[in-house]
Structures are given as C-alpha cells and as structure tokens.
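Below is the file target38.cif, which contains mmCIF, C-alpha atoms.
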```
data_input
loop_
_atom_site.label_atom_id
_atom_site.label_comp_id
_atom_site.auth_asym_id
_atom_site.auth_seq_id
_atom_site.Cartn_x
_atom_site.Cartn_y
_atom_site.Cartn_z
CA CYS A 1 0.00 0.00 0.00
CA LEU A 2 3.01 2.35 0.38
CA SER A 3 3.25 2.45 -3.41
CA ASP A 4 -0.46 3.11 -3.83
CA PRO A 5 -0.85 6.35 -5.81
CA ARG A 6 -3.37 7.59 -3.25
CA PHE A 7 -0.71 7.41 -0.52
CA VAL A 8 2.17 8.54 -2.70
CA SER A 9 0.28 11.75 -3.48
CA ILE A 10 -0.14 12.66 0.21
CA ARG A 11 3.17 11.22 1.49
CA PRO A 12 4.96 14.63 1.66
CA ARG A 13 2.06 16.04 3.70
CA VAL A 14 2.14 13.06 6.08
CA ILE A 15 5.85 13.64 6.68
CA LEU A 16 5.35 17.37 7.19
CA PHE A 17 2.48 16.75 9.63
CA ILE A 18 4.67 14.53 11.82
CA GLN A 19 7.63 16.92 11.57
CA ASN A 20 5.51 19.79 12.83
CA LEU A 21 4.41 17.80 15.88
CA GLN A 22 7.94 17.47 17.30
CA GLN A 23 8.53 19.89 20.14
CA ASP A 24 11.75 21.70 21.06
CA ASP A 25 12.54 19.15 23.80
CA GLY A 26 12.21 16.22 21.36
CA SER A 27 8.75 15.14 22.48
CA PHE A 28 5.73 14.90 20.18
CA ALA A 29 2.29 16.40 20.44
CA GLY A 30 -0.65 14.39 19.18
CA ASP A 31 -2.24 17.21 17.22
CA GLU A 32 -2.45 20.98 16.91
CA TRP A 33 -3.87 21.26 20.43
CA GLY A 34 -0.47 20.33 21.87
CA GLU A 35 -1.02 17.38 24.25
CA VAL A 36 2.36 15.66 24.73
CA ASP A 37 2.56 11.93 25.45
CA THR A 38 5.17 9.22 24.86
CA ARG A 39 2.53 7.34 22.86
CA PHE A 40 2.92 10.02 20.20
CA SER A 41 6.70 9.57 20.23
CA TYR A 42 6.27 5.91 19.36
CA CYS A 43 3.69 6.66 16.67
CA ALA A 44 5.94 9.27 15.07
CA LEU A 45 9.05 7.08 14.99
CA SER A 46 7.15 4.00 13.85
CA ALA A 47 5.30 5.81 11.05
CA LEU A 48 8.44 7.50 9.72
CA SER A 49 10.40 4.26 9.89
CA ILE A 50 7.74 2.44 7.88
CA ILE A 51 7.91 5.05 5.11
CA ASN A 52 11.73 5.18 5.28
CA GLN A 53 12.03 8.75 6.54
CA LEU A 54 13.80 8.19 9.84
CA GLU A 55 17.32 8.45 8.44
CA LYS A 56 19.17 10.45 5.82
CA ASN A 57 18.45 9.03 2.38
CA ASP A 58 18.70 10.21 -1.21
CA GLY A 59 20.60 13.26 -0.01
CA ASN A 60 17.76 14.36 2.28
CA ASP A 61 17.99 14.76 6.05
CA ALA A 62 15.94 12.66 8.45
CA ALA A 63 12.40 13.98 8.80
CA ILE A 64 12.79 14.56 12.56
CA ASP A 65 15.52 14.94 15.17
CA VAL A 66 15.76 11.27 16.17
CA GLU A 67 18.44 11.82 18.80
CA LYS A 68 16.46 14.51 20.57
CA ALA A 69 13.36 12.29 20.44
CA ALA A 70 15.29 9.40 22.00
CA GLN A 71 16.77 11.60 24.73
CA TYR A 72 13.32 12.88 25.67
CA ILE A 73 12.00 9.34 25.98
CA ALA A 74 14.95 8.39 28.18
CA HIS A 75 14.02 11.24 30.56
CA CYS A 76 10.61 9.60 31.04
CA GLN A 77 12.11 6.54 32.77
CA ASN A 78 11.30 6.32 36.48
CA PHE A 79 13.18 5.12 39.56
CA ASP A 80 11.27 1.80 39.43
CA GLY A 81 12.53 1.13 35.90
CA GLY A 82 9.23 1.85 34.16
CA PHE A 83 8.09 4.71 31.91
CA GLY A 84 5.21 7.16 32.06
CA CYS A 85 3.48 9.41 29.55
CA HIS A 86 5.91 12.25 30.33
CA PRO A 87 8.82 12.83 32.77
CA GLY A 88 7.71 12.11 36.33
CA ALA A 89 4.45 10.40 35.35
CA GLU A 90 3.47 7.02 36.88
CA SER A 91 4.95 3.92 35.28
CA HIS A 92 2.45 2.08 33.09
CA ALA A 93 2.90 -1.03 30.95
CA GLY A 94 1.35 0.57 27.87
CA GLN A 95 3.70 3.54 28.09
CA ILE A 96 6.63 1.19 28.60
CA PHE A 97 5.95 -0.49 25.27
CA CYS A 98 5.72 2.91 23.58
CA CYS A 99 9.04 4.04 25.06
CA VAL A 100 10.94 0.76 24.63
CA GLY A 101 9.53 0.36 21.12
CA ALA A 102 10.47 3.93 20.17
CA LEU A 103 14.01 3.52 21.53
CA SER A 104 14.27 0.26 19.63
CA ILE A 105 13.25 1.93 16.37
CA ALA A 106 15.70 4.77 17.08
CA ARG A 107 18.33 2.12 17.91
CA ARG A 108 19.08 3.82 21.21
CA LEU A 109 18.29 1.09 23.73
CA ASP A 110 21.63 2.04 25.28
CA LEU A 111 19.77 4.97 26.86
CA LEU A 112 17.83 2.59 29.12
CA LYS A 113 18.81 2.89 32.76
CA ASP A 114 19.03 -0.58 34.33
CA PRO A 115 17.18 -2.80 31.79
CA GLU A 116 17.05 -5.61 34.36
CA LEU A 117 15.06 -3.44 36.77
CA LEU A 118 12.66 -2.58 33.96
CA CYS A 119 12.22 -6.27 33.12
CA TRP A 120 11.62 -7.03 36.81
CA TRP A 121 8.86 -4.38 36.93
CA LEU A 122 7.26 -5.92 33.84
CA SER A 123 7.47 -9.50 35.13
CA GLU A 124 5.90 -8.40 38.42
CA ARG A 125 2.75 -7.57 36.49
CA GLN A 126 1.78 -11.26 36.27
CA CYS A 127 -1.19 -11.99 38.56
CA ASP A 128 -2.32 -15.21 40.22
CA SER A 129 -4.74 -15.75 37.31
CA GLY A 130 -1.78 -15.90 34.93
CA GLY A 131 -2.84 -12.67 33.24
CA LEU A 132 -0.89 -9.42 33.28
CA ASN A 133 -1.90 -6.04 34.69
CA GLY A 134 -0.72 -2.60 33.65
CA ARG A 135 0.13 -1.22 37.09
CA PRO A 136 0.50 -2.59 40.64
CA GLU A 137 -2.74 -3.55 42.40
CA LYS A 138 -4.79 -3.60 39.20
CA GLN A 139 -6.73 -6.49 37.67
CA ALA A 140 -5.25 -8.55 34.89
CA ASP A 141 -6.29 -7.49 31.39
CA VAL A 142 -5.69 -9.31 28.10
CA CYS A 143 -4.38 -6.18 26.36
CA TYR A 144 -1.26 -6.23 28.55
CA SER A 145 -0.40 -9.57 26.99
CA TRP A 146 0.81 -7.40 24.12
CA TRP A 147 2.17 -4.33 25.90
CA ILE A 148 4.29 -6.38 28.30
CA LEU A 149 5.27 -9.36 26.14
CA SER A 150 6.39 -7.14 23.27
CA SER A 151 8.59 -5.13 25.65
CA LEU A 152 10.06 -8.26 27.21
CA CYS A 153 10.65 -9.69 23.74
CA ILE A 154 12.63 -6.59 22.72
CA LEU A 155 14.54 -6.74 26.02
CA GLY A 156 15.25 -10.48 25.79
CA ARG A 157 13.37 -11.52 28.93
CA VAL A 158 10.16 -13.23 27.77
CA ASP A 159 11.09 -16.18 29.97
CA TRP A 160 10.68 -14.02 33.09
CA ILE A 161 6.94 -14.69 33.06
CA ARG A 162 4.99 -17.95 33.01
CA GLY A 163 3.98 -18.23 29.37
CA ASP A 164 1.75 -21.25 29.93
CA LYS A 165 -0.20 -19.44 32.63
CA LEU A 166 -0.63 -16.36 30.45
CA ALA A 167 -1.76 -18.39 27.44
CA GLY A 168 -4.32 -20.11 29.65
CA PHE A 169 -5.64 -16.76 30.88
CA ILE A 170 -6.01 -15.43 27.32
CA CYS A 171 -7.90 -18.55 26.23
CA LYS A 172 -10.27 -18.27 29.21
CA CYS A 173 -11.18 -14.78 27.99
CA GLN A 174 -12.45 -16.10 24.66
CA ASP A 175 -16.20 -16.25 24.11
CA ASP A 176 -17.16 -19.83 23.25
CA GLU A 177 -19.96 -18.72 20.93
CA ASP A 178 -18.76 -15.48 19.33
CA GLY A 179 -15.06 -16.41 19.23
CA GLY A 180 -13.81 -12.96 20.27
CA ILE A 181 -11.64 -12.21 23.29
CA ALA A 182 -12.54 -9.96 26.23
CA ASP A 183 -10.38 -8.06 28.70
CA ARG A 184 -10.99 -10.78 31.30
CA PRO A 185 -13.13 -13.95 31.61
CA GLY A 186 -16.87 -13.34 31.47
CA ASP A 187 -16.73 -9.79 30.07
CA MET A 188 -17.98 -8.60 26.70
CA VAL A 189 -15.60 -9.33 23.82
CA ASP A 190 -14.29 -6.58 21.54
CA VAL A 191 -11.90 -6.25 18.62
CA PHE A 192 -9.29 -4.37 20.71
CA HIS A 193 -8.74 -7.22 23.17
CA THR A 194 -9.16 -9.84 20.46
CA PHE A 195 -6.24 -8.32 18.55
CA PHE A 196 -4.00 -8.07 21.61
CA GLY A 197 -4.94 -11.55 22.81
CA ILE A 198 -4.01 -13.11 19.47
CA ALA A 199 -0.85 -10.96 19.36
CA GLY A 200 0.12 -12.21 22.81
CA LEU A 201 -0.38 -15.83 21.81
CA SER A 202 1.81 -15.20 18.78
CA LEU A 203 4.62 -13.73 20.89
CA LEU A 204 4.37 -16.73 23.22
CA GLY A 205 4.64 -19.05 20.21
CA THR A 206 1.34 -20.71 21.08
CA SER A 207 -0.09 -19.96 17.63
CA HIS A 208 2.92 -21.43 15.84
CA GLN A 209 3.46 -24.83 17.43
CA HIS A 210 2.16 -26.94 14.57
CA ASP A 211 3.10 -27.21 10.90
CA PHE A 212 0.25 -26.33 8.57
CA THR A 213 0.02 -25.72 4.83
CA VAL A 214 -0.36 -22.08 3.94
CA VAL A 215 -2.73 -22.02 0.99
CA SER A 216 -1.89 -18.51 -0.21
CA ASP A 217 -0.64 -15.32 1.39
CA VAL A 218 1.43 -12.27 0.50
CA ILE A 219 4.62 -14.30 0.29
CA GLY A 220 3.17 -17.12 -1.81
CA ASP A 221 2.39 -20.80 -1.30
CA LYS A 222 4.68 -22.56 1.11
CA LYS A 223 4.90 -24.99 3.97
CA GLY A 224 4.98 -23.32 7.34
CA ASP A 225 2.93 -21.71 10.06
CA ARG A 226 -0.76 -21.35 9.46
CA TYR A 227 -0.70 -18.08 11.34
CA ARG A 228 1.62 -15.24 10.42
CA LYS A 229 3.88 -14.13 13.26
CA ILE A 230 3.66 -10.65 14.73
CA ASP A 231 6.65 -8.37 15.11
CA PRO A 232 7.13 -7.10 18.71
CA ILE A 233 8.50 -3.70 17.66
CA TYR A 234 6.04 -2.64 14.96
CA ALA A 235 2.96 -4.78 15.76
CA LEU A 236 2.88 -5.82 12.09
CA PRO A 237 3.20 -9.29 10.51
CA THR A 238 6.84 -10.35 10.58
CA ASP A 239 6.97 -10.99 6.85
CA ILE A 240 5.83 -7.41 6.18
CA CYS A 241 8.56 -6.00 8.44
CA GLN A 242 11.14 -8.13 6.67
CA LYS A 243 9.86 -7.18 3.23
CA LEU A 244 10.06 -3.47 4.12
CA LYS A 245 13.47 -4.04 5.76
CA LEU A 246 12.35 -2.11 8.81
CA LYS A 247 15.06 -1.28 11.30
CA GLY A 248 15.18 -1.74 15.04
CA GLN A 249 17.26 -2.94 17.95
CA ILE A 250 16.91 -5.71 20.53
CA VAL A 251 18.71 -6.42 23.79
CA VAL A 252 20.80 -9.56 24.10
CA MET A 253 22.29 -10.36 27.51
CA ASN A 254 25.45 -12.37 28.21
CA ASP A 255 23.47 -14.99 30.15
CA THR A 256 21.26 -15.70 27.20
CA SER A 257 19.69 -19.01 27.74
CA ILE A 258 16.98 -16.81 26.37
CA THR A 259 15.61 -17.50 22.92
CA THR A 260 15.67 -13.91 21.63
CA THR A 261 18.48 -14.53 19.17
CA ASP A 262 16.81 -17.75 18.02
CA ASP A 263 13.49 -16.06 17.25
CA ASP A 264 13.36 -15.66 13.47
CA ARG A 265 11.11 -12.63 13.80
CA LEU A 266 14.05 -10.71 15.33
CA THR A 267 16.90 -11.73 13.05
CA GLN A 268 16.83 -8.54 10.96
CA TYR A 269 17.38 -6.25 13.94
CA GLU A 270 20.58 -4.96 15.50
CA SER A 271 21.64 -6.44 18.83
CA TYR A 272 22.64 -4.39 21.86
CA ASN A 273 24.39 -6.04 24.82
CA PRO A 274 24.41 -3.77 27.90
CA ASP A 275 26.89 -6.12 29.58
CA LYS A 276 29.53 -5.20 26.99
CA VAL A 277 29.27 -1.44 27.45
#
```
Rewrite the structure from the file as structure tokens, please.
Amino acid sequence: CLSDPRFVSIRPRVILFIQNLQQDDGSFAGDEWGEVDTRFSYCALSALSIINQLEKNDGNDAAIDVEKAAQYIAHCQNFDGGFGCHPGAESHAGQIFCCVGALSIARRLDLLKDPELLCWWLSERQCDSGGLNGRPEKQADVCYSWWILSSLCILGRVDWIRGDKLAGFICKCQDDEDGGIADRPGDMVDVFHTFFGIAGLSLLGTSHQHDFTVVSDVIGDKKGDRYRKIDPIYALPTDICQKLKLKGQIVVMNDTSITTTDDDRLTQYESYNPDKV
C-alpha cells in the first residue's frame, strides 16, 4: 500500500504533519492542540520508519531529530525502571511499550537505565490468574499480553513470566460462541482485546506450534505456520517488516539461555548487549 498512488500523493504532507508535531525538547504532540505523550513519540518514529524517513536518504535529512526524540523518551524513565506518559508520570505497561519500542526503532536502547530493573517491573505484572496487569494492584487485562510481552521480547526476557499461565488466561477470555476475546473472563468481547490476545499468543509461540500448509498469502504458497507471526517492535506481521526491511534494535544479555536470538522474527534487527558497554 506504500506504493499506492493515493498514498504517494499525500506522502509529503504526512511527513510534514509529523515533523511539525515534534517539540523543542524532542517530544511529540498528538495534534495541533499540543497534548504531549510518549505514545505520540512511538507513533511518530514508527510511522516515519515504515515510510523510510527516519534516516538520511537520497541526499535528504531525516524527517525529525531522532536523537532529541530518544533523549526525551529516556528522561521519562522512572526510579522503578518503568516509563510514564511524560517525565515524572506514573509507570504504566502501555507507556513502557511505547518508550521501549520507540528507543528500539531509534536504535538507542543504550539509553535505558538498568534494563534488568525494567524487566523485573514488567514481570511483576503477572497476577495469580496468569494474566498481566498494567500497574501494581490492578486487575489482569488481556491487552497487557501485548504491551508487556512485546517489551520483554525486545529486552530479551520473555522467559521471566509464566507463558503457559498467560496463554491459559487469554484462552479463558475467549467467548465460546462469538469467538472474540474480552479483557478478562466473562466480560464482553471486543476487537481491541481480540487483537492483543491473538498478538500475545503469537509472541508466546502458542499460535505457531504446529506445521500447517499455507494455501496462499502475501509471500506465496509454502509450507509453514498457518498463522503469520507478529513483530514485537512494529505490531505488524513479521513478513511485512522483513519485506520493508524495517530497522530496530533488541537487547541480548550475556546470560542468554533466552531465545531472543533464536526467534526468526528478530533476526533482521541490531543487537545491543548492555553487559559489553
């Protein structure tokens, strides 16, 4: 769709719109009204990366000041390891994905202060039900299966939570008749939680444990997974990220008994080892 004439014709305006949202301190507003939030930082970096405008190319400068954007995000990290919507704001799992994902796209994960503490905060979000919550003392919610797992995947610590327990929680949230997934068992299903529930199962590998025949998809007929894998940085199908040659960075620790480097959805990304700094 990036080559669709309808997008090509408005592409310069899309770039200009995002450029104009960057503030002097590197943060991003969401619109002309000026609300600043780290969610907008992730959206800006992700969108520009997808359309190949995050770096100098063809003699043109990067569309935004990536370094200043990354430095602003780093200032949003709290004493507990987490991130908020702006400096000093409460740590929240959704904001952590936005900040870790944005730093990954900027390839500045080296700006993280104490990645192990951040991973501890994330792993502490697992409740007795097996589900994950977004903040301490909150109920588990299926959507955090994505926000937390994607962050742990980028940081190389997916094994710090009980994947079997989480998968069980997600499946209990599925409606037996409608097929959709709710925020927690017994609640009304919706497309938001259905997406994040399926995305979480993909990151856990639960959706890819059997060999099926793919009849036809964007990369042609082949033997392989019936379900396309999701990329933890961009929340897009892995094959799309690879086709677009999207860039990013992942953390690989020295003690890696962890499977990060063995996950084929991460092979295209740069590795950063904080133990070697």
Practice problem: Evaluate the PyMOL selection byres ((chain A and resi 115-126) around 10) here and jot the selected residues down as a ChimeraX atom specification. | Solution: /A:77-83,91-93,96,109-114,127-140,144-145,147-149,151-152,155-162,165-166,251,253,274
Quiz item: Do you have the CA of Asp61 (chain A)-CA of Asn273 (chain A) distance handy?
Solution: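 For CA of Asp61 (chain A) relative to CA of Asn273 (chain A), the distance reads 28.7 Å.
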Output as lines of an AutoDock Vina configuration file the centre and edge lengths (Å, one decimal) of the box along x, y and z of the file that holds every listed atom of region 128-140 of chain A after adding 8 Å on each side.
```
center_x = -3.1
center_y = -8.6
center_z = 37.8
size_x = 23.2
size_y = 30.7
size_z = 25.2
```
Self-check item: Between CA of Phe97 (chain A) and CA of Ala44 (chain A), distance in Å (one decimal)
Solution: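 Going from CA of Phe97 (chain A) over to CA of Ala44 (chain A) covers 14.1 Å.
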Exercise. For the structure shown, which residues end up in the PyMOL selection byres ((chain A and resi 169-174) around 7)? Put them as a ChimeraX atom specification, please?
Key: /A:129-131,142,165-168,175-176,179-186,197
On this file, the PyMOL selection byres ((chain A and resi 232) around 10) gives some set of residues; write that set as a tab-separated table (two decimals) with C-alpha atoms, in the coordinates of the input.
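Output saved as expr.tsv:
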```
chain	number	residue	atom	x	y	z
A	97	PHE	CA	5.95	-0.49	25.27
A	101	GLY	CA	9.53	0.36	21.12
A	146	TRP	CA	0.81	-7.40	24.12
A	147	TRP	CA	2.17	-4.33	25.90
A	149	LEU	CA	5.27	-9.36	26.14
A	150	SER	CA	6.39	-7.14	23.27
A	151	SER	CA	8.59	-5.13	25.65
A	152	LEU	CA	10.06	-8.26	27.21
A	153	CYS	CA	10.65	-9.69	23.74
A	154	ILE	CA	12.63	-6.59	22.72
A	199	ALA	CA	-0.85	-10.96	19.36
A	200	GLY	CA	0.12	-12.21	22.81
A	202	SER	CA	1.81	-15.20	18.78
A	203	LEU	CA	4.62	-13.73	20.89
A	229	LYS	CA	3.88	-14.13	13.26
A	230	ILE	CA	3.66	-10.65	14.73
A	231	ASP	CA	6.65	-8.37	15.11
A	233	ILE	CA	8.50	-3.70	17.66
A	234	TYR	CA	6.04	-2.64	14.96
A	235	ALA	CA	2.96	-4.78	15.76
A	236	LEU	CA	2.88	-5.82	12.09
A	237	PRO	CA	3.20	-9.29	10.51
A	238	THR	CA	6.84	-10.35	10.58
A	265	ARG	CA	11.11	-12.63	13.80
A	266	LEU	CA	14.05	-10.71	15.33
```
Quiz item: What gap, in Å, lies between CA of Asp263 (chain A) and CA of Cys241 (chain A)?
Solution: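 Those two atoms sit 14.3 Å apart.
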Quiz prompt | Selection: 10 Å around Val14 (chain A), all atoms listed in the file, excl. self and same-chain fewer than 6 positions, as an MDAnalysis selection string | solution = chainID A and resid 7:8 47:48 51
Quiz prompt | Nearest to Leu246 (chain A) by atom-to-atom distance, counting all atoms listed in the file, from A:Asn20, A:Ser271, A:Gln71, A:Gln53 | solution =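 Distance minimum relative to Leu246 (chain A) lands on A:Gln53.
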Quiz item: Which one is closest to Ala70 (chain A): A:Val191, A:Ile50, A:Cys1, A:Val100? Count only C-alpha atoms.
Solution: A:Val100
Self-check item: Selection near region 32-35 of chain A, 12 Å with all atoms listed in the file, sequence-local residues under 5 positions removed, as a list in words
Solution: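 Once the adjacent positions are removed, what remains is Phe17, Ile18, Asn20, Leu21, Gln22, Gln23, Ser27, Phe40, Ser41, Cys85 and His86 of chain A.
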Take region 95-117 of chain A, bring it up to N, CA and C atoms, and give me the output as a CSV table (one decimal), in the frame of the given file.
```
chain,number,residue,atom,x,y,z
A,95,GLN,N,2.7,2.5,28.4
A,95,GLN,CA,3.7,3.5,28.1
A,95,GLN,C,5.1,2.9,28.0
A,96,ILE,N,5.3,1.9,28.7
A,96,ILE,CA,6.6,1.2,28.6
A,96,ILE,C,6.8,0.6,27.2
A,97,PHE,N,5.8,0.0,26.6
A,97,PHE,CA,6.0,-0.5,25.3
A,97,PHE,C,6.3,0.7,24.3
A,98,CYS,N,5.5,1.8,24.5
A,98,CYS,CA,5.7,2.9,23.6
A,98,CYS,C,7.2,3.4,23.7
A,99,CYS,N,7.7,3.5,24.9
A,99,CYS,CA,9.0,4.0,25.1
A,99,CYS,C,10.1,3.0,24.6
A,100,VAL,N,10.0,1.8,25.0
A,100,VAL,CA,10.9,0.8,24.6
A,100,VAL,C,10.9,0.6,23.1
A,101,GLY,N,9.7,0.5,22.6
A,101,GLY,CA,9.5,0.4,21.1
A,101,GLY,C,10.1,1.5,20.4
A,102,ALA,N,9.9,2.7,20.8
A,102,ALA,CA,10.5,3.9,20.2
A,102,ALA,C,12.0,3.9,20.2
A,103,LEU,N,12.6,3.6,21.4
A,103,LEU,CA,14.0,3.5,21.5
A,103,LEU,C,14.6,2.4,20.7
A,104,SER,N,13.8,1.3,20.5
A,104,SER,CA,14.3,0.3,19.6
A,104,SER,C,14.3,0.7,18.2
A,105,ILE,N,13.3,1.4,17.7
A,105,ILE,CA,13.2,1.9,16.4
A,105,ILE,C,14.4,3.0,16.1
A,106,ALA,N,14.6,3.8,17.2
A,106,ALA,CA,15.7,4.8,17.1
A,106,ALA,C,17.1,4.1,17.2
A,107,ARG,N,17.1,2.9,17.6
A,107,ARG,CA,18.3,2.1,17.9
A,107,ARG,C,19.2,2.8,19.0
A,108,ARG,N,18.4,3.2,20.1
A,108,ARG,CA,19.1,3.8,21.2
A,108,ARG,C,18.7,3.1,22.5
A,109,LEU,N,18.6,1.8,22.5
A,109,LEU,CA,18.3,1.1,23.7
A,109,LEU,C,19.4,1.3,24.8
A,110,ASP,N,20.5,1.8,24.3
A,110,ASP,CA,21.6,2.0,25.3
A,110,ASP,C,21.3,3.1,26.3
A,111,LEU,N,20.2,3.9,26.0
A,111,LEU,CA,19.8,5.0,26.9
A,111,LEU,C,19.0,4.4,28.0
A,112,LEU,N,18.6,3.2,28.0
A,112,LEU,CA,17.8,2.6,29.1
A,112,LEU,C,18.7,2.5,30.4
A,113,LYS,N,18.1,3.0,31.5
A,113,LYS,CA,18.8,2.9,32.8
A,113,LYS,C,18.4,1.6,33.4
A,114,ASP,N,19.3,0.7,33.6
A,114,ASP,CA,19.0,-0.6,34.3
A,114,ASP,C,17.9,-1.4,33.7
A,115,PRO,N,18.2,-2.0,32.5
A,115,PRO,CA,17.2,-2.8,31.8
A,115,PRO,C,16.7,-4.0,32.6
A,116,GLU,N,17.5,-4.5,33.5
A,116,GLU,CA,17.0,-5.6,34.4
A,116,GLU,C,16.0,-5.2,35.3
A,117,LEU,N,16.1,-4.0,35.9
A,117,LEU,CA,15.1,-3.4,36.8
A,117,LEU,C,13.8,-3.2,36.0
```
